[in-house]
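Student: Mind looking over this structure? Questions follow.
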Amino acid sequence: MSLFTREAGAFFHTYKRLPLHIVRGEGMYLFTPEGERYLDMFAGIAVNALGHAHPRVVKAIADQAARYIHLSNYFAQEPQIRLAELLLTFSGFERVFFANSGTEAIEGAIKIARRWGSTRGKSSVIGFSNAFHGRTLGALSIMDRPSYREGFGPFLEGCRSLPFNDAGALRHAVGPETAAVVLECIQGEGGIRPVHPDFVSTLQELRQQYQFLVIADEIQTGCGRTGRFLASEHFALSPDLVTLAKPIGGGLPLGAILGASSVADILQPGMHGTTFGGNPVACAAGVAVLEELSEQSLMQHAAEMGTLLFSLLRDCVTDFPQLCKEVRGLGLMIGLELAGEAEPVVTAMRERGILINGTDKSVLRFVPPLIVTADEIHWTVRVLREVLSGISSFQ
C-alpha cells in the first residue's frame, strides 16, 4: 500500500498533498527515496529560514531533548528566557508570550486587545480583505474569504474586515469603540501584497485620534525574511503587538506575541496560558536560528538575494507580458502575479526539480530559506523562463 493511499485512509481530507515522498532534507534541497533532488524555494511556507537539517539547529534540538523535553510553564526555563531575550533585542519590544503556532499568537493578541479595551469602552477588532491570520474562530472573525469562513460561523461579535489599502473605508470604520486594527504589512496568502505607505499614514493618524492598538501579523514576514527583522520596520509602523511563528522554532511548532510598553502589563497570572507554548526544545531551536541569523548577517543576505530575485522576475514580466503581470514583495518574500492560474506553472517547475508554490490562485510565491545563493536564484528563474516559454497563453 502506497504512502498516499495510507494517508487518504487515515486523515481528514484537509490537505492537497504534493505527489512527492520526501525522506530527507539537506540545506536547500529535499530528496525522495529514489534519490531525486528538489531545490526548495518555499521552505515549508517560509518556515525553514536556515534550510533543512541545519547543523546548529539539529545540535540545539538534540542537546535540549537530552536535558528535558517538557516541564510546563510552572517552571522558568533557560531556552525560553534566552529566546525571549533575543526576540526583544532584535525587535525592541518589551514583553513576550510564547504560543504553539501563528494562529494561537493571533488569538492571544486579540485577547490582549480586548482585555486592554475592556476598561476603555473599546471592543471592536478590525482586519482587512484578503488577509490570512489562521484558522481559529478569532482569526476567521477578522478575515473575509468565503473559502475560509463559510459554514464556520457565527463569528466573534465586534469584528470585521475592511478593504485592504482603502484609507477611506478605514476612516469610515474606526472610532472610539475600536480596540485594535490587525494588519499584515505584506499579505502572504493574499498574494504578496504590500501595504501602501499612504494607508499606513492614515492608520497612524487615526490611531492618534482614537487611541486603538495596532497588531502587526508578522507570522510570515518576521525574523529577517524581508531584509529587516520585522516587515513593519520598512513602513515606519510601530505596532503595539506583533505576532510571530513560522521560522522562530527552527521547524518545530512555536509562535510568539511581542508586546510594546502600551500593553506590557495587561496580562496578569491566570488570564492567559498554554500547556505546550514555549516548548524548551522548540525554543532551543529558535535560539539557534536567531543566533545564526545575527552571526551570519542573514538579514542583509536576504535583502541582497531578494533584490536579485526581484530584478530577474521583473525581467520575466518584461519578456513575457502576456503571461506575467507584476512582481511584488520585499527581501526573500516575493510574488510573481500571472495572467492565469499559478498551479500549472508550479507543477511544471516541480517536474524540473524546483519547488515553489502558488497563492491567491494566480501568484507564484517565492519564500526560500534565507541561505539561498545567487546561483540557486539564477537557476530557479532560468527554469521558470523555460516553463513560460512553453506557454502560449493562459486559458
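Residues in the C-alpha cells are numbered from 1 in each chain, the chains being A, B, ... in the order shown, and ligands are numbered from 1 in the order shown.
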Skip Arg314 (chain A) itself and residues of its chain fewer than 3 positions away, then list as JSON, numbers by chain all residues within 8 Å of it, counting only C-alpha atoms.
Tutor: {"A": [310, 311, 317, 318, 326, 327]}
Student: Write a file of the just-selected residues containing C-alpha atoms, as an mmCIF file, in the first residue's frame.
Tutor:
data_model
loop_
_atom_site.group_PDB
_atom_site.id
_atom_site.type_symbol
_atom_site.label_atom_id
_atom_site.label_comp_id
_atom_site.auth_asym_id
_atom_site.auth_seq_id
_atom_site.Cartn_x
_atom_site.Cartn_y
_atom_site.Cartn_z
ATOM 1 C CA PHE A 310 13.050 40.687 -7.798
ATOM 2 C CA SER A 311 15.128 42.000 -10.696
ATOM 3 C CA VAL A 317 7.291 40.496 -16.733
ATOM 4 C CA THR A 318 9.036 42.472 -19.470
ATOM 5 C CA GLU A 326 3.528 42.128 -11.746
ATOM 6 C CA VAL A 327 6.289 41.403 -9.231
#
Student: Please extract the residues of region 169-282 of chain A with a backbone DSSP assignment of strand (DSSP E) and present them as number ranges by chain.
Tutor: A: 178-183, 186-187, 193-194, 213-217, 241-244, 255-259
Student: So what do you get for CA of Gly278 (chain A) versus CA of Ala99 (chain A), distance-wise?
Tutor: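 These two atoms are separated by 6.1 Å.
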Student: Find the residues near region 331-339 of chain A: any atom within 9 Å, counting only C-alpha atoms, skip ones fewer than 4 places away on the same chain, and give them as a PyMOL selection string.
Tutor: chain A and resi 46+186+188+191-193+220-221+224-228+299-307+309-310+313-314+317+321-327+358-359+362-370+393-394
Student: Would you list the contacts of Phe132 (chain A) as a ChimeraX atom specification, taking every protein, DNA or RNA residue within 7 Å and counting only C-alpha atoms, but skipping same-chain residues closer than 5 positions in sequence?
Tutor: /A:143,189-190
Student: Please, which residues of region 179-387 of chain A, numbered as in this document, come out helix (DSSP H, G or I) from DSSP, as a PyMOL selection string?
Tutor: chain A and resi 197-210+231-235+246-249+261-263+280-295+298-319+343-351+374-387
Student: Pick out the closest residue to Gly222 (chain A) from this set: A:Leu330, A:Ala76, A:Ala180, A:Val281. Count only C-alpha atoms.
Tutor: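 Residue with the minimum atom-to-atom distance to Gly222 (chain A): A:Leu330.
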Student: Using only C-alpha atoms, I'd like a table of the residues in region 28-116 of chain A that come within 10 Å of region 201-213 of chain A; for each, show the closest atom pair and its distance in Å rounded to one decimal, ordered by chain and ascending number, as a tab-separated table.
Tutor:
residue	atom	partner	partner_atom	distance
A:Ile112	CA	A:Leu213	CA	9.9
A:Ala113	CA	A:Leu213	CA	6.9
A:Arg114	CA	A:Leu213	CA	9.9
A:Trp116	CA	A:Leu213	CA	8.9
Student: Using only C-alpha atoms, which residues sit within 8 Å of region 61-68 of chain A once same-chain residues fewer than 3 positions away are excluded, as a list of chain:residue names?
Tutor: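 The residues that qualify are A:Val57, A:Val58, A:Leu71, A:Pro280, A:Val281, A:Ala282, A:Ala284, A:Ala285.
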Student: Taking into account only C-alpha atoms, which residue in the set A:Gly175, A:Pro19, A:Pro163, A:Gly92 is nearest to Ser2 (chain A)?
Tutor: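 That would be A:Pro19, the residue with the smallest distance to Ser2 (chain A).
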Student: What's around Ala348 (chain A) at 12 Å? Count only C-alpha atoms, leave out sequence neighbours fewer than 6 positions away in its own chain, and write the answer as a list in words.
Tutor: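 Counting only the stated atoms, we get Ala342, Ile354, Leu355, Ile356, Asn357, Val383, Leu384, Arg385, Glu386, Val387, Leu388, Ser389, Gly390 and Ile391 of chain A.
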Student: Please write the residues from the selection above to a file, keeping N, CA and C atoms, as a compact mmCIF listing (two decimals), in the first residue's frame.
Tutor:
# COMPACT_ATOMS: atom_id res chain seq x y z
N ALA A 342 -1.78 29.84 -11.22
CA ALA A 342 -0.38 29.52 -10.96
C ALA A 342 -0.09 28.03 -10.96
N ILE A 354 12.35 21.94 -9.17
CA ILE A 354 12.32 23.15 -8.34
C ILE A 354 10.94 23.29 -7.71
N LEU A 355 10.92 23.47 -6.39
CA LEU A 355 9.68 23.56 -5.64
C LEU A 355 9.37 25.02 -5.31
N ILE A 356 8.27 25.52 -5.87
CA ILE A 356 7.69 26.80 -5.47
C ILE A 356 6.24 26.51 -5.16
N ASN A 357 5.49 27.48 -4.73
CA ASN A 357 4.06 27.24 -4.57
C ASN A 357 3.27 28.45 -5.02
N VAL A 383 14.84 28.22 -15.06
CA VAL A 383 13.85 27.17 -15.26
C VAL A 383 12.46 27.77 -15.44
N LEU A 384 12.15 28.79 -14.67
CA LEU A 384 10.85 29.46 -14.83
C LEU A 384 10.70 30.02 -16.23
N ARG A 385 11.74 30.61 -16.76
CA ARG A 385 11.66 31.16 -18.11
C ARG A 385 11.45 30.04 -19.14
N GLU A 386 12.06 28.88 -18.91
CA GLU A 386 11.83 27.73 -19.80
C GLU A 386 10.36 27.32 -19.77
N VAL A 387 9.81 27.29 -18.56
CA VAL A 387 8.38 26.93 -18.43
C VAL A 387 7.50 27.95 -19.12
N LEU A 388 7.76 29.22 -18.89
CA LEU A 388 6.95 30.28 -19.52
C LEU A 388 7.09 30.25 -21.04
N SER A 389 8.25 29.91 -21.52
CA SER A 389 8.46 29.85 -22.97
C SER A 389 7.60 28.78 -23.63
N GLY A 390 7.19 27.78 -22.85
CA GLY A 390 6.35 26.72 -23.38
C GLY A 390 4.88 26.98 -23.28
N ILE A 391 4.50 28.16 -22.78
CA ILE A 391 3.08 28.52 -22.62
C ILE A 391 2.76 29.65 -23.59
